[in-house]
$ cat model_36.cif   # mmCIF, C-alpha atoms
data_structure
loop_
_atom_site.label_atom_id
_atom_site.label_comp_id
_atom_site.auth_asym_id
_atom_site.auth_seq_id
_atom_site.Cartn_x
_atom_site.Cartn_y
_atom_site.Cartn_z
CA MET R 202 0.54 -6.10 25.14
CA ASN R 203 -1.19 -6.59 21.82
CA PRO R 204 0.91 -7.91 18.93
CA LEU R 205 1.85 -5.54 16.15
CA PRO R 206 3.02 -5.98 12.53
CA SER R 207 6.28 -7.69 11.74
CA PHE R 208 6.21 -6.36 8.18
CA LEU R 209 4.94 -3.36 6.26
CA CYS R 210 4.41 -2.72 2.58
CA VAL R 211 5.11 1.00 2.32
CA GLY R 212 4.66 1.74 -1.34
CA VAL R 213 4.28 2.85 -3.82
CA GLN R 214 0.78 3.79 -4.99
CA LYS R 215 -0.43 2.17 -8.22
CA ALA R 216 2.32 -0.45 -8.15
CA GLY R 217 0.48 -3.63 -7.17
CA THR R 218 0.04 -3.25 -3.42
CA SER R 219 -3.65 -4.23 -3.60
CA TRP R 220 -2.74 -7.37 -5.54
CA LEU R 221 -0.14 -8.22 -2.90
CA TYR R 222 -2.68 -7.66 -0.13
CA GLU R 223 -5.23 -9.98 -1.73
CA GLN R 224 -2.60 -12.68 -2.21
CA LEU R 225 -0.83 -12.55 1.16
CA ARG R 226 -4.07 -12.67 3.11
CA GLN R 227 -4.59 -16.16 1.62
CA HIS R 228 -1.39 -17.49 3.22
CA PRO R 229 -2.26 -19.57 6.32
CA GLU R 230 0.66 -18.15 8.33
CA ILE R 231 0.00 -14.46 7.53
CA TRP R 232 -2.72 -12.16 8.83
CA LEU R 233 -3.60 -8.75 7.45
CA PRO R 234 -6.36 -6.48 8.78
CA PRO R 235 -9.63 -6.57 6.80
CA ILE R 236 -9.18 -2.85 6.17
CA LYS R 237 -6.33 -2.55 3.71
CA GLU R 238 -4.38 0.65 4.29
CA LEU R 239 -4.76 1.59 7.93
CA HIS R 240 -2.97 4.92 7.34
CA TYR R 241 -1.82 5.06 10.96
CA PHE R 242 1.70 6.38 10.43
CA ASP R 243 0.92 8.70 7.52
CA HIS R 244 -2.03 10.22 9.44
CA LEU R 245 0.42 11.13 12.19
CA TYR R 246 3.32 12.28 10.02
CA CYS R 247 1.77 13.45 6.72
CA PRO R 248 -0.58 16.25 7.88
CA ALA R 249 -2.18 16.74 4.45
CA ASN R 250 -3.51 13.18 4.57
CA ARG R 251 -5.64 13.97 7.60
CA ALA R 252 -8.17 15.56 5.26
CA TRP R 253 -9.29 12.09 4.15
CA THR R 254 -7.78 9.33 6.31
CA GLN R 255 -10.70 9.21 8.75
CA TRP R 256 -13.15 9.06 5.84
CA HIS R 257 -11.13 6.18 4.36
CA ILE R 258 -11.33 4.11 7.55
CA GLU R 259 -15.01 4.82 8.10
CA GLN R 260 -15.93 4.08 4.50
CA SER R 261 -13.84 0.90 4.43
CA ALA R 262 -15.45 -0.39 7.63
CA LYS R 263 -18.91 0.51 6.31
CA ASN R 264 -18.34 -1.35 3.05
CA LEU R 265 -16.90 -4.40 4.80
CA LEU R 266 -19.82 -4.49 7.22
CA LYS R 267 -22.39 -4.13 4.46
CA ASP R 268 -20.82 -6.91 2.39
CA TYR R 269 -20.52 -9.16 5.43
CA LEU R 270 -24.13 -8.75 6.52
CA ASN R 271 -25.36 -9.34 2.97
CA GLN R 272 -23.48 -12.63 2.72
CA ALA R 273 -23.34 -14.03 6.25
CA GLN R 274 -25.52 -17.01 7.12
CA ALA R 275 -24.96 -16.29 10.82
CA VAL R 276 -23.68 -13.04 12.24
CA ASP R 277 -20.37 -12.98 14.14
CA PHE R 278 -21.08 -10.05 16.43
CA ARG R 279 -17.43 -9.96 17.53
CA TYR R 280 -16.46 -9.13 13.95
CA VAL R 281 -19.20 -6.50 13.75
CA ARG R 282 -17.98 -4.97 17.02
CA TYR R 283 -14.38 -5.05 15.72
CA LEU R 284 -15.31 -3.08 12.59
CA ALA R 285 -17.42 -0.64 14.60
CA THR R 286 -14.49 -0.05 16.96
CA MET R 287 -12.10 0.54 14.07
CA ALA R 288 -14.44 3.19 12.64
CA SER R 289 -15.19 4.88 15.96
CA LYS R 290 -13.38 7.80 17.54
CA PRO R 291 -10.72 8.28 18.67
CA LEU R 292 -9.02 7.05 15.51
CA PHE R 293 -5.28 6.95 14.83
CA THR R 294 -4.15 6.55 18.40
CA GLU R 295 -1.64 3.88 19.35
CA ALA R 296 -4.42 2.00 21.16
CA TRP R 297 -6.53 2.15 17.99
CA TYR R 298 -3.66 0.78 15.89
CA ARG R 299 -3.09 -2.07 18.32
CA GLN R 300 -6.81 -2.82 18.24
CA ALA R 301 -6.55 -3.47 14.50
CA PHE R 302 -4.53 -6.64 15.19
CA THR R 303 -6.62 -8.15 17.99
CA ARG R 304 -8.82 -10.46 15.93
CA ARG R 305 -8.72 -14.06 17.13
CA ALA R 306 -7.72 -15.17 13.62
CA ALA R 307 -4.56 -13.05 13.94
CA GLN R 308 -3.23 -14.96 16.95
CA GLY R 309 -0.03 -16.85 16.19
CA LYS R 310 0.21 -15.40 12.67
CA LEU R 311 2.77 -13.15 11.04
CA LEU R 312 1.12 -9.73 11.06
CA GLY R 313 1.42 -7.10 8.34
CA ASP R 314 0.17 -3.67 7.35
CA ILE R 315 0.01 -2.68 3.66
CA THR R 316 -0.33 1.10 3.32
CA PRO R 317 1.52 2.70 0.37
CA GLU R 318 1.40 6.20 1.85
CA TYR R 319 3.81 5.11 4.59
CA CYS R 320 6.65 5.70 2.13
CA ALA R 321 6.27 9.46 2.75
CA ILE R 322 6.28 9.58 6.57
CA GLY R 323 9.77 11.09 6.75
CA ASP R 324 12.56 10.61 9.26
CA GLU R 325 10.46 11.36 12.33
CA GLY R 326 7.76 8.95 11.24
CA ILE R 327 10.22 6.16 10.48
CA LEU R 328 11.90 6.59 13.87
CA TYR R 329 8.53 6.38 15.62
CA MET R 330 7.60 3.34 13.56
CA LYS R 331 10.85 1.65 14.63
CA ARG R 332 10.21 2.42 18.29
CA LEU R 333 6.71 0.99 18.07
CA LEU R 334 7.26 -2.05 15.86
CA GLY R 335 10.89 -2.96 16.46
CA ALA R 336 12.79 -4.93 13.81
CA VAL R 337 10.17 -4.68 11.09
CA LYS R 338 10.65 -5.87 7.49
CA VAL R 339 9.59 -3.59 4.64
CA LEU R 340 8.26 -4.44 1.19
CA TRP R 341 8.49 -2.02 -1.74
CA MET R 342 6.66 -2.37 -5.05
CA ILE R 343 8.68 -0.65 -7.79
CA ARG R 344 6.93 0.42 -10.99
CA ASP R 345 8.19 2.33 -14.01
CA PRO R 346 7.96 5.98 -12.87
CA LEU R 347 6.04 7.30 -15.87
CA ASP R 348 3.68 4.32 -16.07
CA ARG R 349 2.98 4.64 -12.36
CA ALA R 350 2.27 8.37 -12.62
CA LEU R 351 -0.04 7.87 -15.60
CA SER R 352 -1.93 5.15 -13.73
CA GLN R 353 -2.35 7.47 -10.74
CA LEU R 354 -3.50 10.25 -13.04
CA ARG R 355 -6.14 7.97 -14.56
CA MET R 356 -7.30 6.93 -11.10
CA ASN R 357 -7.56 10.55 -9.97
CA ALA R 358 -9.36 11.47 -13.19
CA GLY R 359 -11.92 8.72 -12.61
CA ARG R 360 -12.55 9.94 -9.08
CA ARG R 361 -13.17 13.45 -10.39
CA GLY R 362 -15.39 12.40 -13.28
CA LEU R 363 -13.00 13.34 -16.08
CA SER R 364 -13.36 11.68 -19.48
CA ALA R 365 -11.77 11.58 -22.92
CA ASP R 366 -13.75 14.75 -23.74
CA THR R 367 -12.27 16.72 -20.84
CA PRO R 368 -10.08 19.62 -22.07
CA ALA R 369 -6.34 18.96 -22.16
CA SER R 370 -5.78 21.93 -19.83
CA THR R 371 -7.82 20.18 -17.12
CA TRP R 372 -5.80 16.99 -17.52
CA LEU R 373 -2.57 18.99 -17.29
CA ALA R 374 -3.74 20.73 -14.13
CA LEU R 375 -4.50 17.34 -12.61
CA ALA R 376 -1.06 16.06 -13.62
CA GLU R 377 0.52 19.06 -11.92
CA ASP R 378 -0.98 18.12 -8.56
CA PRO R 379 2.12 17.64 -6.34
CA GLU R 380 0.61 14.42 -4.99
CA VAL R 381 1.20 12.67 -8.33
CA ALA R 382 4.94 13.25 -8.15
CA GLU R 383 5.24 12.66 -4.42
CA ARG R 384 3.56 9.27 -4.47
CA GLY R 385 6.36 7.95 -6.68
CA ASN R 386 9.34 9.83 -5.26
CA TYR R 387 11.68 6.83 -5.03
CA ALA R 388 14.77 9.05 -5.01
CA ASP R 389 13.77 10.60 -1.70
CA TYR R 390 11.95 7.77 0.02
CA ILE R 391 14.14 4.71 -0.57
CA PRO R 392 17.45 6.20 0.69
CA ARG R 393 15.62 7.64 3.70
CA TRP R 394 14.18 4.26 4.69
CA GLU R 395 17.50 2.55 4.01
CA ARG R 396 19.33 4.95 6.34
CA HIS R 397 17.07 3.99 9.20
CA LEU R 398 16.48 0.28 8.55
CA GLY R 399 19.35 -0.92 6.39
CA ARG R 400 18.98 -2.45 2.96
CA ASP R 401 18.72 -6.02 4.28
CA ALA R 402 15.42 -5.12 5.98
CA MET R 403 13.84 -4.14 2.66
CA LEU R 404 12.62 -6.24 -0.26
CA PHE R 405 12.06 -4.58 -3.64
CA ILE R 406 9.55 -6.14 -6.03
CA PRO R 407 9.47 -5.13 -9.71
CA PHE R 408 5.90 -4.42 -10.77
CA GLY R 409 6.25 -6.06 -14.17
CA GLN R 410 7.08 -9.39 -12.57
CA ILE R 411 3.61 -9.55 -11.04
CA GLY R 412 2.05 -9.99 -14.46
CA GLN R 413 4.73 -12.28 -15.83
CA GLN R 414 5.70 -14.43 -12.82
CA PRO R 415 3.26 -13.92 -9.93
CA GLU R 416 4.19 -17.23 -8.32
CA ALA R 417 7.85 -16.22 -8.27
CA VAL R 418 6.97 -12.87 -6.69
CA LEU R 419 5.06 -14.56 -3.88
CA GLN R 420 7.79 -17.15 -3.38
CA THR R 421 10.35 -14.34 -3.00
CA VAL R 422 8.11 -12.47 -0.57
CA GLY R 423 7.51 -15.64 1.45
CA GLN R 424 11.23 -16.33 1.70
CA PHE R 425 11.87 -12.75 2.82
CA LEU R 426 9.14 -12.97 5.47
CA GLN R 427 10.30 -16.47 6.45
CA VAL R 428 6.95 -18.21 6.14
CA THR R 429 6.32 -21.72 4.85
CA PRO R 430 6.08 -21.93 1.03
CA TRP R 431 2.43 -21.85 0.00
CA GLN R 432 0.96 -23.21 -3.22
CA GLY R 433 -2.67 -22.32 -2.57
CA TYR R 434 -2.76 -18.78 -3.97
CA ARG R 435 -5.78 -18.10 -6.17
CA LEU R 436 -6.50 -15.51 -8.86
CA LEU R 437 -2.83 -14.79 -9.35
CA HIS R 438 -3.42 -12.93 -12.61
CA GLU R 439 -6.45 -11.00 -11.36
CA LYS R 440 -6.00 -7.21 -11.55
CA VAL R 441 -7.07 -5.34 -8.41
CA HIS R 442 -8.22 -1.71 -8.60
CA ALA R 443 -7.02 -1.24 -12.18
CA SER R 444 -7.20 2.37 -13.34
CA PRO R 445 -9.73 3.19 -16.11
CA PRO R 446 -8.12 3.21 -19.59
CA TYR R 447 -8.54 6.92 -20.25
CA PRO R 448 -6.51 8.35 -23.15
CA ILE R 449 -4.32 11.08 -21.68
CA PRO R 450 -3.55 14.26 -23.65
CA GLU R 451 0.05 14.55 -24.85
CA ALA R 452 0.67 17.70 -22.81
CA ALA R 453 -0.01 15.84 -19.57
CA VAL R 454 2.08 12.84 -20.69
CA SER R 455 5.01 15.11 -21.59
CA TYR R 456 4.78 16.91 -18.26
CA LEU R 457 4.83 13.67 -16.27
CA SER R 458 7.61 12.23 -18.45
CA ALA R 459 9.86 15.19 -17.64
CA LEU R 460 8.94 14.91 -13.98
CA ALA R 461 9.88 11.21 -13.97
CA GLN R 462 13.44 11.65 -15.27
CA PRO R 463 15.11 12.11 -11.84
CA GLN R 464 13.35 8.96 -10.66
CA TYR R 465 14.69 6.99 -13.63
CA ARG R 466 18.20 8.22 -12.88
CA PHE R 467 17.93 7.18 -9.25
CA LEU R 468 16.48 3.75 -10.00
CA ARG R 469 19.13 2.98 -12.63
CA ALA R 470 21.84 3.85 -10.15
CA TYR R 471 20.24 1.90 -7.29
CA PHE R 472 19.11 -1.31 -9.02
CA PRO R 473 20.84 -3.67 -11.47
CA ALA R 474 19.81 -3.64 -15.12
CA GLU R 475 17.83 -6.89 -14.89
CA PHE R 476 15.67 -5.44 -12.11
CA MET R 477 15.01 -2.31 -14.16
CA GLN R 478 13.92 -4.43 -17.11
CA ALA R 479 11.24 -6.01 -14.91
CA ILE R 480 9.65 -2.88 -13.46
#

$ encode --input "model_36.cif" --output "structure tokens"
Amino acid sequence: MNPLPSFLCVGVQKAGTSWLYEQLRQHPEIWLPPIKELHYFDHLYCPANRAWTQWHIEQSAKNLLKDYLNQAQAVDFRYVRYLATMASKPLFTEAWYRQAFTRRAAQGKLLGDITPEYCAIGDEGILYMKRLLGAVKVLWMIRDPLDRALSQLRMNAGRRGLSADTPASTWLALAEDPEVAERGNYADYIPRWERHLGRDAMLFIPFGQIGQQPEAVLQTVGQFLQVTPWQGYRLLHEKVHASPPYPIPEAAVSYLSALAQPQYRFLRAYFPAEFMQAI
């Protein structure tokens, strides 16, 4: 039977998961699929995501293949075949997910899957994940709720072609998209995952520590995953997929600030003060 991940990073969006992916894939004892965010579990258990998950996999494989062929001195046709298989139907079957971890370079490594949308897969999804993966460890990136929501709003605005000249009413409508709140719903997601896995199976990483102490973050993650300490990480302070610095109208900021208050209350009750100071 093909090996499967021993750890997941399940969230949240716009909280440094891409940075973590780029760093952990440098560790000689860890292997992550070349397609970040496989979306396997959320495709199955978050029906709304099915509108775009197949496009994401196909586009990711296409971009990887294009970059590889532009740079390769000699073509590894096994890698080309691997990417083609990942982007070919049927997608999001258990066999497809197992296929993601069959690269020769993955053999003997600690395997992981970093997909922030997994945080929302619900009880049924978590139970299936446990049956499939067994005693998996889970990483959480925790960012200030309002800052996270504003970053997601800027990302969504960039994807839709909004600008500083866009009317405030359009920004507010974008802020009211339920997805913005759901992607950072710590108060629902964290207790749900804890009920099924236990707190000892989860590691929480404050987003602010990435910028201030990236080496310490990676040391903590390595200890949690029980891999050999690694000093070879590069580009520790490099931002990955930073949102464009759009100024956001006050109406949208006020709306998201009010929406974030239950999340602040939950986080303050769940984490010690020093952790909250670092998010």

$ resolve_selection --input "model_36.cif" --expression "the PyMOL selection byres ((chain R and resi 242-247) around 8)" --output "list of chain:residue names"
R:His240, R:Tyr241, R:Pro248, R:Ala249, R:Asn250, R:Arg251, R:Thr254, R:Phe293, R:Glu318, R:Tyr319, R:Ala321, R:Ile322, R:Gly323, R:Glu325, R:Gly326, R:Met330

$ residues_around --input "model_36.cif" --residues "Asn357 of chain R" --least-positions-apart "4" --cutoff "10 Å" --atoms "all atoms listed in the file" --output "compact mmCIF listing (two decimals) with C-alpha atoms, in the frame of the given file"
# COMPACT_ATOMS: atom_id res chain seq x y z
CA LEU R 351 -0.04 7.87 -15.60
CA SER R 352 -1.93 5.15 -13.73
CA GLN R 353 -2.35 7.47 -10.74
CA ARG R 361 -13.17 13.45 -10.39
CA GLY R 362 -15.39 12.40 -13.28
CA LEU R 363 -13.00 13.34 -16.08
CA LEU R 375 -4.50 17.34 -12.61
CA ALA R 376 -1.06 16.06 -13.62
CA VAL R 381 1.20 12.67 -8.33
CA SER R 444 -7.20 2.37 -13.34
CA PRO R 445 -9.73 3.19 -16.11

$ closest_residue --input "model_36.cif" --among "R:Thr421, R:Gln414, R:Gln478, R:Asn386" --to "Pro463 of chain R" --atoms "only C-alpha atoms"
R:Asn386

$ atom_distance --input "model_36.cif" --atom1 "atom CA of Arg332 of chain R" --atom2 "atom CA of Leu284 of chain R"
26.7 Å

$ closest_residue --input "model_36.cif" --among "R:Ala388, R:Arg393, R:Val454, R:Leu239" --to "Thr294 of chain R" --atoms "only C-alpha atoms"
R:Leu239

$ residues_around --input "model_36.cif" --residues "Val281 of chain R" --least-positions-apart "2" --cutoff "12 Å" --atoms "only C-alpha atoms" --output "count of residues only"
23

$ atom_distance --input "model_36.cif" --atom1 "atom CA of Glu439 of chain R" --atom2 "atom CA of Thr218 of chain R"
12.9 Å

$ closest_residue --input "model_36.cif" --among "R:Glu238, R:Asp345, R:Asp324, R:Glu259" --to "Phe476 of chain R" --atoms "all atoms listed in the file"
R:Asp345

$ residues_near_point --input "model_36.cif" --point "(8.7, 11.9, -11.6)" --cutoff "7 Å" --atoms "all atoms listed in the file" --output "list of chain:residue names"
R:Pro346, R:Leu347, R:Ala382, R:Gly385, R:Asn386, R:Leu457, R:Ser458, R:Ala459, R:Leu460, R:Ala461, R:Gln462, R:Pro463, R:Gln464

$ closest_residue --input "model_36.cif" --among "R:Val418, R:Leu225, R:Ala307, R:Ala296" --to "Tyr434 of chain R" --atoms "only C-alpha atoms"
R:Leu225

$ axis_aligned_box --input "model_36.cif" --around "segment 423-432 of chain R" --padding-each-side "8 Å" --output "lines of an AutoDock Vina configuration file"
center_x = 6.4
center_y = -18.0
center_z = 1.6
size_x = 26.9
size_y = 26.5
size_z = 25.7

$ resolve_selection --input "model_36.cif" --expression "the PyMOL selection byres ((chain R and resi 422) around 12)" --output "mmCIF file with C-alpha atoms, keeping the file's coordinate frame"
data_model
loop_
_atom_site.group_PDB
_atom_site.id
_atom_site.type_symbol
_atom_site.label_atom_id
_atom_site.label_comp_id
_atom_site.auth_asym_id
_atom_site.auth_seq_id
_atom_site.Cartn_x
_atom_site.Cartn_y
_atom_site.Cartn_z
ATOM 1 C CA PHE R 208 6.210 -6.360 8.180
ATOM 2 C CA LEU R 209 4.940 -3.360 6.260
ATOM 3 C CA CYS R 210 4.410 -2.720 2.580
ATOM 4 C CA LEU R 221 -0.140 -8.220 -2.900
ATOM 5 C CA TYR R 222 -2.680 -7.660 -0.130
ATOM 6 C CA GLN R 224 -2.600 -12.680 -2.210
ATOM 7 C CA LEU R 225 -0.830 -12.550 1.160
ATOM 8 C CA HIS R 228 -1.390 -17.490 3.220
ATOM 9 C CA ILE R 231 0.000 -14.460 7.530
ATOM 10 C CA LYS R 338 10.650 -5.870 7.490
ATOM 11 C CA VAL R 339 9.590 -3.590 4.640
ATOM 12 C CA LEU R 340 8.260 -4.440 1.190
ATOM 13 C CA TRP R 341 8.490 -2.020 -1.740
ATOM 14 C CA MET R 342 6.660 -2.370 -5.050
ATOM 15 C CA MET R 403 13.840 -4.140 2.660
ATOM 16 C CA LEU R 404 12.620 -6.240 -0.260
ATOM 17 C CA PHE R 405 12.060 -4.580 -3.640
ATOM 18 C CA ILE R 406 9.550 -6.140 -6.030
ATOM 19 C CA PRO R 407 9.470 -5.130 -9.710
ATOM 20 C CA ILE R 411 3.610 -9.550 -11.040
ATOM 21 C CA PRO R 415 3.260 -13.920 -9.930
ATOM 22 C CA GLU R 416 4.190 -17.230 -8.320
ATOM 23 C CA ALA R 417 7.850 -16.220 -8.270
ATOM 24 C CA VAL R 418 6.970 -12.870 -6.690
ATOM 25 C CA LEU R 419 5.060 -14.560 -3.880
ATOM 26 C CA GLN R 420 7.790 -17.150 -3.380
ATOM 27 C CA THR R 421 10.350 -14.340 -3.000
ATOM 28 C CA GLY R 423 7.510 -15.640 1.450
ATOM 29 C CA GLN R 424 11.230 -16.330 1.700
ATOM 30 C CA PHE R 425 11.870 -12.750 2.820
ATOM 31 C CA LEU R 426 9.140 -12.970 5.470
ATOM 32 C CA GLN R 427 10.300 -16.470 6.450
ATOM 33 C CA VAL R 428 6.950 -18.210 6.140
ATOM 34 C CA THR R 429 6.320 -21.720 4.850
ATOM 35 C CA PRO R 430 6.080 -21.930 1.030
ATOM 36 C CA TRP R 431 2.430 -21.850 0.000
#

$ resolve_selection --input "model_36.cif" --expression "the PyMOL selection byres ((chain R and resi 451) around 12)" --output "list in words"
Leu351, Pro368, Ala369, Ser370, Trp372, Leu373, Ala376, Pro448, Ile449, Pro450, Ala452, Ala453, Val454, Ser455, Tyr456, Leu457 and Ser458 of chain R

$ atom_distance --input "model_36.cif" --atom1 "atom CA of Pro446 of chain R" --atom2 "atom CA of Ile236 of chain R"
26.5 Å

$ closest_residue --input "model_36.cif" --among "R:Arg360, R:Asp401, R:Ala350, R:Asp314" --to "Arg299 of chain R" --atoms "only C-alpha atoms"
R:Asp314

$ decode --input "model_36.cif" --residues "segment 279-362 of chain R" --atoms "C-alpha atoms" --output "CSV table (one decimal), in the first residue's frame"
chain,number,residue,atom,x,y,z
R,279,ARG,CA,8.6,10.0,-14.9
R,280,TYR,CA,8.1,13.4,-13.3
R,281,VAL,CA,6.2,14.6,-16.4
R,282,ARG,CA,4.0,11.4,-16.2
R,283,TYR,CA,3.5,12.0,-12.5
R,284,LEU,CA,2.2,15.6,-13.1
R,285,ALA,CA,0.0,14.4,-16.0
R,286,THR,CA,-1.5,11.7,-13.8
R,287,MET,CA,-2.2,14.1,-11.0
R,288,ALA,CA,-4.1,16.4,-13.5
R,289,SER,CA,-6.0,13.6,-15.2
R,290,LYS,CA,-9.4,12.2,-14.4
R,291,PRO,CA,-10.6,10.7,-12.1
R,292,LEU,CA,-9.4,13.3,-9.6
R,293,PHE,CA,-10.0,13.2,-5.9
R,294,THR,CA,-10.4,9.5,-5.5
R,295,GLU,CA,-8.4,7.7,-2.8
R,296,ALA,CA,-6.2,6.1,-5.4
R,297,TRP,CA,-5.5,9.6,-6.8
R,298,TYR,CA,-4.6,10.9,-3.4
R,299,ARG,CA,-2.2,7.9,-2.8
R,300,GLN,CA,-0.7,8.6,-6.2
R,301,ALA,CA,0.4,12.0,-5.0
R,302,PHE,CA,2.9,10.5,-2.6
R,303,THR,CA,4.5,7.9,-5.0
R,304,ARG,CA,7.4,9.9,-6.2
R,305,ARG,CA,10.8,8.1,-5.7
R,306,ALA,CA,12.1,11.1,-3.8
R,307,ALA,CA,9.3,10.6,-1.2
R,308,GLN,CA,10.4,7.1,-0.2
R,309,GLY,CA,11.7,7.0,3.4
R,310,LYS,CA,10.7,10.6,4.1
R,311,LEU,CA,8.1,12.1,6.5
R,312,LEU,CA,5.2,12.9,4.2
R,313,GLY,CA,2.9,15.9,4.6
R,314,ASP,CA,0.0,17.7,3.0
R,315,ILE,CA,-0.5,21.5,3.4
R,316,THR,CA,-4.0,22.5,2.4
R,317,PRO,CA,-5.6,25.3,4.5
R,318,GLU,CA,-9.1,24.5,3.5
R,319,TYR,CA,-9.0,21.2,5.4
R,320,CYS,CA,-9.8,23.2,8.5
R,321,ALA,CA,-13.5,23.3,7.3
R,322,ILE,CA,-14.1,19.6,6.5
R,323,GLY,CA,-16.3,19.0,9.5
R,324,ASP,CA,-16.8,16.0,11.7
R,325,GLU,CA,-17.4,13.5,8.9
R,326,GLY,CA,-14.4,14.7,7.0
R,327,ILE,CA,-12.1,14.5,10.1
R,328,LEU,CA,-13.3,11.0,10.9
R,329,TYR,CA,-12.6,9.9,7.3
R,330,MET,CA,-9.2,11.5,7.4
R,331,LYS,CA,-8.4,9.6,10.7
R,332,ARG,CA,-9.5,6.3,9.1
R,333,LEU,CA,-7.3,6.9,6.1
R,334,LEU,CA,-4.2,8.4,7.7
R,335,GLY,CA,-4.2,7.0,11.2
R,336,ALA,CA,-2.4,8.9,13.9
R,337,VAL,CA,-1.7,12.1,12.0
R,338,LYS,CA,-0.2,15.3,13.4
R,339,VAL,CA,-1.8,18.6,12.6
R,340,LEU,CA,-0.3,22.1,12.2
R,341,TRP,CA,-2.3,25.3,12.6
R,342,MET,CA,-1.1,28.8,11.6
R,343,ILE,CA,-2.9,31.3,13.8
R,344,ARG,CA,-3.1,34.9,12.6
R,345,ASP,CA,-4.9,38.0,14.1
R,346,PRO,CA,-8.5,37.5,12.9
R,347,LEU,CA,-9.0,41.0,11.5
R,348,ASP,CA,-5.5,41.1,9.8
R,349,ARG,CA,-6.2,37.7,8.3
R,350,ALA,CA,-9.6,38.7,7.0
R,351,LEU,CA,-8.2,41.9,5.5
R,352,SER,CA,-5.4,40.0,3.8
R,353,GLN,CA,-7.9,37.6,2.3
R,354,LEU,CA,-10.1,40.5,1.2
R,355,ARG,CA,-7.1,42.0,-0.6
R,356,MET,CA,-6.3,38.7,-2.3
R,357,ASN,CA,-9.9,38.3,-3.4
R,358,ALA,CA,-10.0,41.9,-4.7
R,359,GLY,CA,-6.8,41.3,-6.7
R,360,ARG,CA,-8.3,38.2,-8.3
R,361,ARG,CA,-11.4,40.2,-9.3
R,362,GLY,CA,-9.5,43.2,-10.6
